[in-house]
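**Q** My structure is in model.txt, and what it holds is compact mmCIF, C-alpha atoms and all ligand atoms:
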# COMPACT_ATOMS: atom_id res chain seq x y z
CA MET R 140 9.64 -15.18 17.28
CA VAL R 141 8.77 -16.46 13.78
CA ASP R 142 11.71 -15.97 11.47
CA THR R 143 10.03 -14.90 8.22
CA GLY R 144 13.18 -15.52 6.24
CA ALA R 145 12.80 -11.95 5.07
CA ASP R 146 15.64 -9.47 4.92
CA VAL R 147 13.16 -6.64 5.46
CA LEU R 148 9.73 -6.36 7.06
CA VAL R 149 7.77 -3.41 5.68
CA VAL R 150 4.90 -2.40 7.97
CA GLY R 151 2.08 -0.49 6.27
CA ALA R 152 0.76 -1.13 2.77
CA GLY R 153 -0.31 2.37 1.78
CA ILE R 154 1.11 3.93 -1.34
CA VAL R 155 4.40 4.61 0.47
CA GLY R 156 4.83 1.15 2.03
CA THR R 157 3.87 -0.74 -1.12
CA ALA R 158 6.25 1.36 -3.22
CA CYS R 159 9.06 0.72 -0.70
CA ALA R 160 8.33 -3.00 -0.46
CA LEU R 161 8.36 -3.49 -4.22
CA ALA R 162 11.47 -1.35 -4.71
CA LEU R 163 13.40 -3.37 -2.09
CA GLN R 164 12.20 -6.72 -3.46
CA SER R 165 13.16 -5.58 -6.96
CA GLU R 166 16.67 -4.85 -5.65
CA GLY R 167 17.09 -8.49 -4.65
CA LEU R 168 16.14 -8.27 -0.97
CA GLN R 169 13.55 -10.66 0.41
CA VAL R 170 10.59 -8.56 1.64
CA ALA R 171 7.52 -9.28 3.77
CA LEU R 172 4.83 -6.57 3.76
CA LEU R 173 2.39 -6.45 6.70
CA ASP R 174 -0.74 -4.35 7.04
CA ALA R 175 -3.40 -4.04 9.73
CA THR R 176 -6.08 -4.07 7.04
CA GLN R 177 -5.31 -4.27 3.33
CA PRO R 178 -3.18 -2.51 0.70
CA GLY R 179 -4.32 1.06 -0.02
CA GLY R 180 -6.83 1.12 2.83
CA GLY R 181 -5.31 4.00 4.86
CA VAL R 182 -5.19 7.67 3.94
CA THR R 183 -4.07 6.52 0.49
CA ALA R 184 -7.78 5.81 -0.09
CA ALA R 185 -8.87 9.22 1.23
CA GLY R 186 -6.81 11.67 -0.86
CA MET R 187 -6.95 13.12 -4.37
CA GLY R 188 -4.19 11.28 -6.23
CA HIS R 189 -2.89 14.42 -7.93
CA LEU R 190 0.66 13.79 -9.23
CA VAL R 191 1.96 17.30 -9.03
CA ALA R 192 5.30 19.08 -9.34
CA LEU R 193 5.21 21.28 -6.23
CA ASP R 194 7.97 23.84 -5.87
CA GLU R 195 7.60 25.45 -2.47
CA SER R 196 11.33 24.70 -2.08
CA GLU R 197 14.06 23.38 -4.38
CA GLN R 198 14.32 20.20 -2.32
CA GLU R 199 10.57 19.59 -2.62
CA LEU R 200 10.78 20.07 -6.37
CA ASP R 201 13.75 17.66 -6.58
CA LEU R 202 11.76 14.96 -4.78
CA CYS R 203 8.64 15.57 -6.87
CA LEU R 204 10.47 15.54 -10.20
CA LEU R 205 12.38 12.36 -9.40
CA SER R 206 9.15 10.70 -8.32
CA LEU R 207 7.17 11.95 -11.31
CA ARG R 208 9.81 10.47 -13.59
CA LEU R 209 9.45 7.13 -11.78
CA TRP R 210 5.65 7.42 -12.01
CA GLN R 211 6.06 7.93 -15.75
CA GLU R 212 8.13 4.75 -15.98
CA PHE R 213 5.48 2.91 -13.94
CA MET R 214 2.69 4.13 -16.23
CA ASP R 215 4.62 3.14 -19.35
CA GLU R 216 5.38 -0.29 -17.92
CA HIS R 217 1.85 -0.92 -16.61
CA PRO R 218 -0.66 0.80 -18.89
CA GLY R 219 -4.24 0.59 -17.62
CA ILE R 220 -3.28 0.42 -13.92
CA GLY R 221 -4.47 3.14 -11.52
CA GLU R 222 -7.03 5.01 -13.68
CA VAL R 223 -4.36 7.41 -14.92
CA SER R 224 -5.51 10.69 -16.42
CA ARG R 225 -2.88 12.96 -17.97
CA CYS R 226 -5.02 16.03 -17.47
CA GLY R 227 -2.27 18.40 -16.27
CA THR R 228 -2.73 21.07 -13.65
CA LEU R 229 -4.15 24.54 -14.24
CA TRP R 230 -2.99 26.78 -11.40
CA VAL R 231 -5.31 29.78 -11.27
CA ALA R 232 -4.33 33.27 -10.08
CA GLU R 233 -7.08 35.54 -8.81
CA ASN R 234 -4.97 38.70 -8.43
CA GLU R 235 -1.73 40.29 -9.58
CA GLN R 236 0.30 38.93 -6.67
CA GLN R 237 -0.78 35.37 -7.41
CA LEU R 238 -0.16 35.96 -11.11
CA ALA R 239 3.45 36.92 -10.38
CA ALA R 240 3.84 33.72 -8.35
CA ALA R 241 2.27 31.72 -11.19
CA GLN R 242 4.72 33.17 -13.69
CA GLN R 243 7.61 32.29 -11.41
CA ARG R 244 6.28 28.76 -11.09
CA ALA R 245 6.03 28.43 -14.89
CA ALA R 246 9.64 29.62 -15.24
CA ARG R 247 10.93 27.39 -12.43
CA LEU R 248 9.26 24.22 -13.70
CA SER R 249 10.16 24.73 -17.34
CA ALA R 250 13.78 25.47 -16.37
CA ARG R 251 13.79 21.97 -14.84
CA GLY R 252 12.34 20.44 -18.02
CA TRP R 253 8.81 20.01 -16.64
CA GLN R 254 6.23 21.14 -19.17
CA ALA R 255 4.73 24.39 -17.86
CA GLU R 256 3.56 27.64 -19.44
CA ALA R 257 2.25 30.90 -18.04
CA VAL R 258 -1.32 31.63 -19.14
CA SER R 259 -2.95 35.04 -19.49
CA GLY R 260 -6.36 35.82 -18.01
CA ASP R 261 -7.83 36.06 -21.53
CA ARG R 262 -6.64 32.59 -22.41
CA LEU R 263 -7.92 30.83 -19.28
CA PRO R 264 -11.53 30.35 -20.49
CA ARG R 265 -10.32 28.78 -23.72
CA LEU R 266 -8.28 26.24 -21.75
CA GLU R 267 -10.95 25.66 -19.12
CA PRO R 268 -14.40 26.99 -20.13
CA ALA R 269 -15.90 26.23 -16.69
CA LEU R 270 -13.70 28.85 -14.99
CA ARG R 271 -15.24 32.12 -13.81
CA ARG R 272 -14.45 35.04 -16.10
CA GLY R 273 -12.16 37.89 -15.03
CA LEU R 274 -9.40 35.79 -13.40
CA ALA R 275 -5.86 37.18 -13.57
CA GLY R 276 -4.22 34.19 -15.31
CA GLY R 277 -2.21 31.22 -14.18
CA VAL R 278 0.12 28.45 -15.21
CA ARG R 279 -0.67 25.27 -17.10
CA VAL R 280 1.53 22.34 -16.07
CA GLY R 281 1.16 19.76 -18.81
CA GLY R 282 3.31 17.09 -17.15
CA ASP R 283 1.14 16.64 -14.04
CA SER R 284 -1.49 13.92 -13.92
CA VAL R 285 -3.98 12.10 -11.74
CA VAL R 286 -4.20 8.51 -10.48
CA TYR R 287 -6.49 6.49 -8.22
CA PRO R 288 -3.99 5.71 -5.41
CA PRO R 289 -5.64 2.70 -3.70
CA ALA R 290 -5.71 0.85 -7.02
CA VAL R 291 -1.98 1.50 -7.46
CA ALA R 292 -1.17 0.38 -3.89
CA HIS R 293 -3.17 -2.80 -4.46
CA PHE R 294 -1.31 -3.43 -7.72
CA LEU R 295 2.13 -2.81 -6.14
CA ALA R 296 1.33 -5.29 -3.35
CA GLN R 297 0.28 -7.92 -5.88
CA GLU R 298 3.41 -7.22 -7.90
CA LEU R 299 5.49 -7.75 -4.74
CA VAL R 300 3.97 -11.20 -4.34
CA ARG R 301 4.44 -11.95 -8.03
CA ARG R 302 8.15 -11.18 -7.61
CA GLY R 303 8.54 -13.55 -4.68
CA GLY R 304 7.77 -11.22 -1.76
CA ARG R 305 5.24 -11.91 0.95
CA LEU R 306 2.04 -10.01 1.83
CA GLU R 307 0.26 -10.43 5.17
CA CYS R 308 -3.06 -8.55 5.50
CA GLY R 309 -4.98 -8.14 8.76
CA ARG R 310 -1.74 -8.05 10.81
CA ARG R 311 -1.58 -5.09 13.21
CA VAL R 312 1.85 -4.46 14.69
CA VAL R 313 1.66 -3.43 18.35
CA ALA R 314 5.30 -3.38 19.44
CA LEU R 315 8.82 -3.29 18.03
CA HIS R 316 11.85 -5.09 19.43
CA ALA R 317 15.45 -5.41 18.35
CA GLY R 318 15.23 -7.49 15.17
CA GLY R 319 11.50 -8.06 15.28
CA LEU R 320 7.96 -7.06 16.11
CA THR R 321 4.81 -8.25 17.89
CA LEU R 322 1.36 -8.46 16.32
CA ALA R 323 -2.00 -7.72 17.95
CA ASP R 324 -2.80 -11.45 17.88
CA GLY R 325 0.37 -12.17 19.89
CA GLY R 326 2.30 -13.45 16.89
CA ARG R 327 5.87 -12.31 16.34
CA ARG R 328 7.97 -11.74 13.25
CA SER R 329 11.70 -11.25 12.97
CA ALA R 330 13.94 -9.73 10.32
CA PRO R 331 17.18 -7.74 10.45
CA GLN R 332 15.56 -4.59 9.04
CA ILE R 333 12.08 -3.15 9.64
CA VAL R 334 10.61 -0.29 7.59
CA LEU R 335 7.75 1.60 9.22
CA ALA R 336 5.39 3.07 6.62
CA THR R 337 2.30 3.23 8.80
CA GLY R 338 1.23 6.75 7.82
CA VAL R 339 -0.29 8.81 10.59
CA ASP R 340 -0.43 5.74 12.86
CA ILE R 341 3.36 5.65 13.15
CA ALA R 342 2.95 7.75 16.31
CA GLN R 343 1.37 4.72 18.05
CA LEU R 344 4.52 2.65 17.55
CA LEU R 345 7.12 5.42 17.79
CA PRO R 346 5.72 8.53 19.53
CA GLU R 347 9.08 10.30 19.25
CA VAL R 348 8.69 10.49 15.47
CA GLY R 349 6.16 13.29 15.99
CA VAL R 350 4.01 12.59 12.92
CA PHE R 351 0.49 13.99 13.37
CA GLY R 352 -2.73 14.20 11.32
CA ARG R 353 -3.42 17.29 9.22
CA LYS R 354 -7.07 16.99 8.34
CA GLY R 355 -8.49 17.62 4.87
CA HIS R 356 -12.05 17.50 3.53
CA LEU R 357 -13.10 16.25 0.10
CA ALA R 358 -16.40 15.91 -1.76
CA ILE R 359 -17.33 14.27 -5.04
CA THR R 360 -20.09 15.15 -7.50
CA ASP R 361 -22.32 13.06 -9.65
CA ARG R 362 -21.11 12.42 -13.22
CA TYR R 363 -20.78 15.41 -15.57
CA PRO R 364 -18.53 13.99 -18.34
CA GLY R 365 -16.36 16.39 -20.30
CA SER R 366 -17.16 19.44 -18.18
CA LEU R 367 -13.65 19.84 -16.71
CA GLN R 368 -10.35 19.33 -18.56
CA HIS R 369 -7.61 19.97 -15.95
CA GLN R 370 -7.01 19.62 -12.26
CA VAL R 371 -7.81 23.23 -11.34
CA VAL R 372 -5.98 24.57 -8.28
CA GLY R 373 -5.96 28.03 -6.73
CA MET R 374 -2.52 29.64 -6.47
CA ASP R 375 -3.15 30.05 -2.75
CA TYR R 376 -2.86 26.25 -2.32
CA GLY R 377 0.10 25.19 -0.18
CA GLN R 378 1.23 22.81 2.50
CA ALA R 379 1.67 25.46 5.14
CA ALA R 380 1.02 24.50 8.73
CA VAL R 381 -2.02 26.09 10.33
CA SER R 382 -2.74 26.89 13.93
CA ALA R 383 -4.78 24.41 15.94
CA ASP R 384 -8.21 25.97 15.44
CA ALA R 385 -7.55 27.61 12.05
CA LEU R 386 -8.81 26.38 8.72
CA ALA R 387 -6.70 26.93 5.58
CA VAL R 388 -8.77 26.48 2.42
CA ALA R 389 -7.86 26.58 -1.27
CA ALA R 390 -9.80 25.45 -4.33
CA ASN R 391 -8.57 22.18 -5.80
CA VAL R 392 -10.88 20.41 -8.25
CA GLN R 393 -10.05 17.25 -10.14
CA PRO R 394 -11.80 15.72 -13.17
CA ARG R 395 -12.22 11.99 -12.54
CA PRO R 396 -12.24 9.63 -15.54
CA SER R 397 -15.85 8.81 -14.51
CA GLY R 398 -16.90 12.41 -15.28
CA GLN R 399 -17.18 13.24 -11.57
CA TRP R 400 -15.52 16.29 -10.02
CA LEU R 401 -13.44 15.56 -6.91
CA ILE R 402 -13.38 18.70 -4.80
CA GLY R 403 -10.83 19.72 -2.16
CA SER R 404 -9.30 20.90 -0.06
CA CYS R 405 -8.45 22.31 3.31
CA ARG R 406 -5.95 21.86 6.12
CA GLN R 407 -6.72 21.72 9.82
CA ASP R 408 -4.26 20.87 12.59
CA GLY R 409 -5.14 19.86 16.11
CA GLN R 410 -7.92 17.53 14.96
CA THR R 411 -7.94 14.03 16.35
CA ASP R 412 -10.78 12.37 14.48
CA GLY R 413 -11.77 12.03 10.86
CA ALA R 414 -15.39 13.15 11.35
CA LEU R 415 -16.90 15.53 8.79
CA ASP R 416 -16.94 19.14 9.92
CA PRO R 417 -19.77 21.00 8.10
CA ARG R 418 -17.96 24.35 8.51
CA ALA R 419 -14.82 23.00 6.81
CA LEU R 420 -16.77 21.22 4.07
CA SER R 421 -18.79 24.32 3.32
CA ALA R 422 -15.62 26.45 3.10
CA VAL R 423 -14.07 23.94 0.68
CA LEU R 424 -17.15 23.98 -1.57
CA GLN R 425 -17.40 27.78 -1.48
CA ALA R 426 -13.74 28.18 -2.52
CA ALA R 427 -14.25 25.78 -5.43
CA ILE R 428 -17.48 27.44 -6.55
CA ARG R 429 -15.73 30.83 -6.53
CA LEU R 430 -13.42 29.55 -9.30
CA LEU R 431 -15.83 27.15 -11.00
CA PRO R 432 -19.37 28.58 -10.65
CA ALA R 433 -21.04 25.64 -12.46
CA LEU R 434 -20.23 23.54 -9.42
CA GLY R 435 -22.97 25.37 -7.55
CA GLY R 436 -25.56 23.57 -9.70
CA MET R 437 -24.01 20.10 -9.41
CA ARG R 438 -25.04 17.30 -7.12
CA ILE R 439 -22.57 16.25 -4.40
CA ILE R 440 -22.95 12.55 -3.76
CA ARG R 441 -20.35 11.96 -1.05
CA ALA R 442 -18.05 13.88 1.27
CA TRP R 443 -15.34 12.69 3.66
CA ALA R 444 -12.25 13.76 5.57
CA GLY R 445 -8.75 12.28 5.71
CA MET R 446 -5.70 12.83 7.88
CA ARG R 447 -2.50 13.77 6.03
CA PRO R 448 0.50 12.31 7.90
CA ALA R 449 2.52 15.47 8.65
CA SER R 450 5.99 15.62 10.20
CA SER R 451 7.08 18.38 12.56
CA ASP R 452 9.10 20.18 9.85
CA GLY R 453 6.81 19.38 6.92
CA GLN R 454 9.26 17.03 5.13
CA PRO R 455 8.97 13.26 4.88
CA LEU R 456 11.16 11.02 7.04
CA LEU R 457 13.13 8.64 4.83
CA GLY R 458 15.95 6.62 6.29
CA PRO R 459 17.24 4.94 9.44
CA HIS R 460 15.92 5.85 12.87
CA PRO R 461 19.02 7.35 14.51
CA GLY R 462 18.24 5.85 17.91
CA ARG R 463 16.88 2.38 17.07
CA ALA R 464 19.11 -0.02 15.18
CA GLY R 465 17.39 -1.83 12.33
CA ILE R 466 14.36 0.49 12.25
CA TRP R 467 13.79 2.55 9.10
CA LEU R 468 11.19 5.25 8.55
CA ALA R 469 9.15 6.05 5.44
CA ALA R 470 6.51 8.41 6.78
CA GLY R 471 5.30 11.98 7.19
CA HIS R 472 4.49 12.74 3.53
CA GLU R 473 1.66 15.16 4.36
CA GLY R 474 -0.24 16.11 1.17
CA LEU R 475 2.33 14.76 -1.30
CA GLY R 476 2.64 11.08 -0.40
CA VAL R 477 1.14 9.81 -3.61
CA THR R 478 3.28 12.06 -5.78
CA THR R 479 6.50 11.30 -3.90
CA ALA R 480 5.97 7.59 -3.09
CA PHE R 481 8.27 6.23 -5.79
CA ALA R 482 11.10 8.67 -5.06
CA SER R 483 10.73 7.92 -1.34
CA ALA R 484 11.11 4.22 -2.08
CA ARG R 485 14.16 4.92 -4.24
CA LEU R 486 15.87 7.03 -1.54
CA LEU R 487 15.16 4.38 1.08
CA ALA R 488 16.51 1.57 -1.11
CA ASP R 489 19.63 3.61 -1.94
CA GLN R 490 20.37 3.99 1.77
CA MET R 491 19.75 0.34 2.59
CA LEU R 492 22.00 -0.73 -0.25
CA GLY R 493 24.68 1.80 0.66
CA ARG R 494 24.70 3.68 -2.63
CA ASN R 495 24.37 7.32 -3.66
CA SER R 496 21.06 8.90 -4.63
CA GLU R 497 20.20 11.06 -7.62
CA ILE R 498 19.02 13.86 -5.35
CA ASP R 499 20.17 15.16 -1.99
CA ARG R 500 18.63 12.91 0.65
CA ASN R 501 19.87 14.88 3.66
CA PRO R 502 16.67 16.99 3.96
CA TYR R 503 14.74 13.75 4.53
CA LEU R 504 16.99 11.87 6.95
CA PRO R 505 15.11 11.18 10.22
CA GLY R 506 18.27 12.10 12.16
CA ARG R 507 17.69 15.77 11.29
CA LEU R 508 14.95 15.90 13.95
CA PRO R 509 16.33 16.59 17.46
CA ALA R 510 13.49 14.58 19.02
CA LEU R 511 14.74 11.45 17.25
CA ARG R 512 18.33 11.98 18.34
CA ASN R 513 17.32 12.13 22.00
CA PRO R 514 19.23 9.29 23.71
CA ILE R 515 16.15 8.43 25.76
CA TYR R 516 14.94 6.46 22.72
CA ALA R 517 18.26 4.85 21.87
C1 LIG Q 1 -7.65 15.28 1.68
C2 LIG Q 1 -6.35 14.72 1.18
C3 LIG Q 1 -5.94 14.99 -0.13
C4 LIG Q 1 -4.72 14.49 -0.59
N1 LIG Q 1 -4.38 14.70 -1.89
C5 LIG Q 1 -3.17 14.26 -2.34
C6 LIG Q 1 -2.79 14.48 -3.69
O1 LIG Q 1 -3.57 15.01 -4.50
N2 LIG Q 1 -1.56 14.08 -4.10
C7 LIG Q 1 -0.68 13.48 -3.23
O2 LIG Q 1 0.45 13.18 -3.64
N3 LIG Q 1 -1.03 13.20 -1.96
C8 LIG Q 1 -2.25 13.58 -1.49
N4 LIG Q 1 -2.61 13.36 -0.21
C9 LIG Q 1 -1.63 12.76 0.71
C10 LIG Q 1 -1.52 11.28 0.53
O3 LIG Q 1 -2.80 10.68 0.48
C11 LIG Q 1 -0.70 10.71 1.69
O4 LIG Q 1 0.51 11.44 1.86
C12 LIG Q 1 -0.32 9.25 1.41
O5 LIG Q 1 -1.46 8.51 1.06
C13 LIG Q 1 0.34 8.64 2.64
O6 LIG Q 1 0.53 7.28 2.37
P1 LIG Q 1 1.12 6.29 3.44
O7 LIG Q 1 1.37 5.02 2.74
O8 LIG Q 1 2.24 6.95 4.17
O9 LIG Q 1 -0.04 6.15 4.55
P2 LIG Q 1 -1.38 5.29 4.52
O10 LIG Q 1 -2.02 5.29 3.21
O11 LIG Q 1 -2.21 5.77 5.67
O12 LIG Q 1 -0.89 3.81 4.78
C14 LIG Q 1 -0.51 3.37 6.05
C15 LIG Q 1 -0.86 1.89 6.15
O13 LIG Q 1 -0.32 1.41 7.36
C16 LIG Q 1 -1.24 0.51 7.94
N5 LIG Q 1 -0.98 0.52 9.37
C17 LIG Q 1 -1.07 1.55 10.23
N6 LIG Q 1 -0.71 1.17 11.47
C18 LIG Q 1 -0.37 -0.13 11.38
C19 LIG Q 1 0.11 -1.08 12.33
N7 LIG Q 1 0.31 -0.76 13.61
N8 LIG Q 1 0.36 -2.34 11.90
C20 LIG Q 1 0.18 -2.68 10.58
N9 LIG Q 1 -0.27 -1.81 9.66
C21 LIG Q 1 -0.52 -0.55 10.05
C22 LIG Q 1 -2.61 1.08 7.59
O14 LIG Q 1 -3.60 0.06 7.61
C23 LIG Q 1 -2.36 1.63 6.19
O15 LIG Q 1 -2.69 0.70 5.18
C24 LIG Q 1 -3.88 13.76 0.27
C25 LIG Q 1 -4.30 13.45 1.56
C26 LIG Q 1 -5.54 13.92 2.00
C27 LIG Q 1 -5.99 13.57 3.38
Now, as a test, write the supplied structure out as structure tokens.
Ligand SMILES: Cc1cc2nc3c(=O)[nH]c(=O)nc-3n(C[C@H](O)[C@H](O)[C@H](O)COP(=O)(O)OP(=O)(O)OC[C@H]3O[C@@H](n4cnc5c(N)ncnc54)[C@H](O)[C@@H]3O)c2cc1C
**A**
Amino acid sequence: MVDTGADVLVVGAGIVGTACALALQSEGLQVALLDATQPGGGVTAAGMGHLVALDESEQELDLCLLSLRLWQEFMDEHPGIGEVSRCGTLWVAENEQQLAAAQQRAARLSARGWQAEAVSGDRLPRLEPALRRGLAGGVRVGGDSVVYPPAVAHFLAQELVRRGGRLECGRRVVALHAGGLTLADGGRRSAPQIVLATGVDIAQLLPEVGVFGRKGHLAITDRYPGSLQHQVVGMDYGQAAVSADALAVAANVQPRPSGQWLIGSCRQDGQTDGALDPRALSAVLQAAIRLLPALGGMRIIRAWAGMRPASSDGQPLLGPHPGRAGIWLAAGHEGLGVTTAFASARLLADQMLGRNSEIDRNPYLPGRLPALRNPIYA
């Protein structure tokens, strides 16, 4: 076993692992970050990078708002990193029921100090001329923004090294032991604490964690600069689980700084590979065109699918594994891992350093899941 001299080994250099590694190093711990490929090469490179205050529950909003505040600090400290666009989100309601939900969202977010205003149907075209006419209204969330996540993960990994941490790329972990791990090349590393931030692949190392892939399709257009001002999302967008063969689709269209439109998104469970499914892609495009008809005349230059790392109860797992001493989890962020990466890192660091957190961390403790408390894994 090679003693790395590290206090903590972080496995997985996606947006979550890099944020955790840098947060721990910044707290004075000595960190080594290992990845099977390279920073930002996992699902972090396959998503949309929408930094969004989601409020499907109070606890979700707490995590988002803490993380968005930390993102703001990051952006202020490192201007020019991550292709940041402060475009805000325009949630669009197509009917009265969605409009009522939009108005509630506007009230809930502004009550928490997050810039949000309800928008009437008449006003929508002035805010976003590309929208179809006759929509019911919506909510404009001025505080939300957009980043390019792999660039941020790459930067965080470099920053880790700059602050004295260690980065090992091309190192696949194949087994965990008390106080250490084994690599695919037979090498071993030891450290008192190990953080697993391996996204959807965490199931290969710890099947009991129960994280699985929730598939989503995306497409990107050619460049049409200035034609979209906000990230436009249908009010029917949510993180709800879907049955194995079902397809949940909602329009979600993002203006890239390049002038391209990044189009999502859908959710499919029970899928084991990342292959493009023409039925799903077509449904995603149709939903987007229904809100933004001009898209029908645009050229799509690439389409792909990614697997959101979903936990069995839809919440991330942040904290110690209850049955394996020295193993910590930072996984299961589903469709919000970019948004919540910094808060996840903060909650993890708070626990490792034995201090209180700004928000309630109980909803995220791995020990909440009965499958992890099963003594068979202890
Ligand atoms: C279609 C789609 C749209 C999305 N849109 C958004 C969005 O708009 N906003 C948002 O906040 N989130 C979004 N997400 C979710 C977000 O992308 C993920 O939650 C987030 O990227 C998860 O990051 P991660 O670091 O946990 O995982 P990953 O990025 O997958 O990183 C895991 C890393 O671990 C490494 N690894 C795996 N196994 C091993 C091993 N055995 N040994 C060593 N290394 C290993 C991998 O190489 C990888 O680099 C979207 C996701 C999808 C699929």
**Q** Using all atoms listed in the file, can you tell me which of R:Gln425, R:Ser249, R:Gln368, R:Gln393 comes closest to R:Leu263?
**A**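 Answer, going by the shortest atom-to-atom distance: R:Gln368.
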**Q** Could you pull out the residues sitting within 6 Å of ligand LIG 1 (chain Q), using all atoms listed in the file, and write them as number ranges by chain?
**A** R: 150-156, 173-183, 185-190, 310-313, 336-338, 340, 355-357, 445-447, 470, 472-478
**Q** Name the residues in contact with R:Glu298 at a cut-off of 10 Å, using all atoms listed in the file, excluding same-chain residues fewer than 5 positions from it; report them as a ChimeraX atom specification.
**A** /R:157,160-161,164-165,292-293,303-304
**Q** Could those selected residues go to a file with C-alpha atoms, as a short mmCIF file (atom, residue, chain, number, x, y, z; two decimals), keeping the file's coordinate frame?
**A**
data_model
loop_
_atom_site.label_atom_id
_atom_site.label_comp_id
_atom_site.auth_asym_id
_atom_site.auth_seq_id
_atom_site.Cartn_x
_atom_site.Cartn_y
_atom_site.Cartn_z
CA THR R 157 3.87 -0.74 -1.12
CA ALA R 160 8.33 -3.00 -0.46
CA LEU R 161 8.36 -3.49 -4.22
CA GLN R 164 12.20 -6.72 -3.46
CA SER R 165 13.16 -5.58 -6.96
CA ALA R 292 -1.17 0.38 -3.89
CA HIS R 293 -3.17 -2.80 -4.46
CA GLY R 303 8.54 -13.55 -4.68
CA GLY R 304 7.77 -11.22 -1.76
#
**Q** Please check which residues have atoms at most 12 Å from (11.1, 20.1, 15.8) in the file's coordinates, counting all atoms listed in the file, and write them as a list in words.
**A**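 Those residues lying close to the given coordinates are Glu347, Val348, Gly349, Val350, Ser450, Ser451, Asp452, Gly453, Gln454, Pro505, Gly506, Arg507, Leu508, Pro509, Ala510, Leu511, Arg512 and Asn513 of chain R.
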**Q** So how many Å separate atom CA of R:Leu204 and atom CA of R:Gln237, to one decimal?
**A**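 For atom CA of R:Leu204 relative to atom CA of R:Gln237, the distance reads 23.0 Å.
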**Q** Find, counting only C-alpha atoms, the residue in R:Ala232, R:Leu367, R:Val339, R:Ala255 that gets nearest to R:Ala469.
**A**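 With only C-alpha atoms as the atom set, the closest residue is R:Val339.
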**Q** Can you work out the spacing between atom CA of R:Asp142 and atom CA of R:Ala464 in Å, to one decimal?
**A** 18.0 Å
**Q** From the options R:Gln198, R:Thr360, R:Thr228, R:Gln332, which residue's atoms come nearest to R:Ile402, counting only C-alpha atoms?
**A**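 Nearest candidate to R:Ile402 out of R:Gln198, R:Thr360, R:Thr228, R:Gln332: R:Thr360.
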**Q** What's around R:Gly144 at 10 Å? Count all atoms listed in the file, leave out sequence neighbours fewer than 3 positions away in its own chain, and write the answer as a list in words.
**A** Val141, Val147, Leu148, Gln169, Val170, Ala171, Arg328, Ser329, Ala330 and Pro331 of chain R
**Q** Atom CA of R:Gln399 and atom CA of R:Ala444, how far apart in Å?
**A**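 For atom CA of R:Ala444 relative to atom CA of R:Gln399, the distance reads 17.8 Å.
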**Q** Return the single residue from R:Val392, R:Met214, R:Ala442, R:Cys308 that is closest to R:Val231, with distances computed using all atoms listed in the file.
**A**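 Among R:Val392, R:Met214, R:Ala442, R:Cys308, it is R:Val392 that comes nearest to R:Val231.
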**Q** When distances are computed from all atoms listed in the file, which of R:Glu222, R:Gly409, R:Leu486, R:Thr479 shows the smallest separation from R:Leu200?
**A**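 Once distances to R:Leu200 are computed over all atoms listed in the file, the minimum belongs to R:Thr479.
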**Q** Let me have the centre and edge lengths of the axis-aligned box enclosing all listed atoms of stretch 480-499 of chain R with 6 Å padding on every side, in Å to one decimal, as AutoDock Vina command-line options.
**A**
--center_x 15.3 --center_y 7.2 --center_z -2.5 --size_x 30.7 --size_y 27.9 --size_z 22.2
**Q** With all atoms listed in the file as the atoms that count, which of R:Gln297, R:Gly221, R:Ser483, R:Leu344 lies nearest to R:Leu320?
**A**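 Using all atoms listed in the file, R:Leu320 sits closest to R:Leu344.
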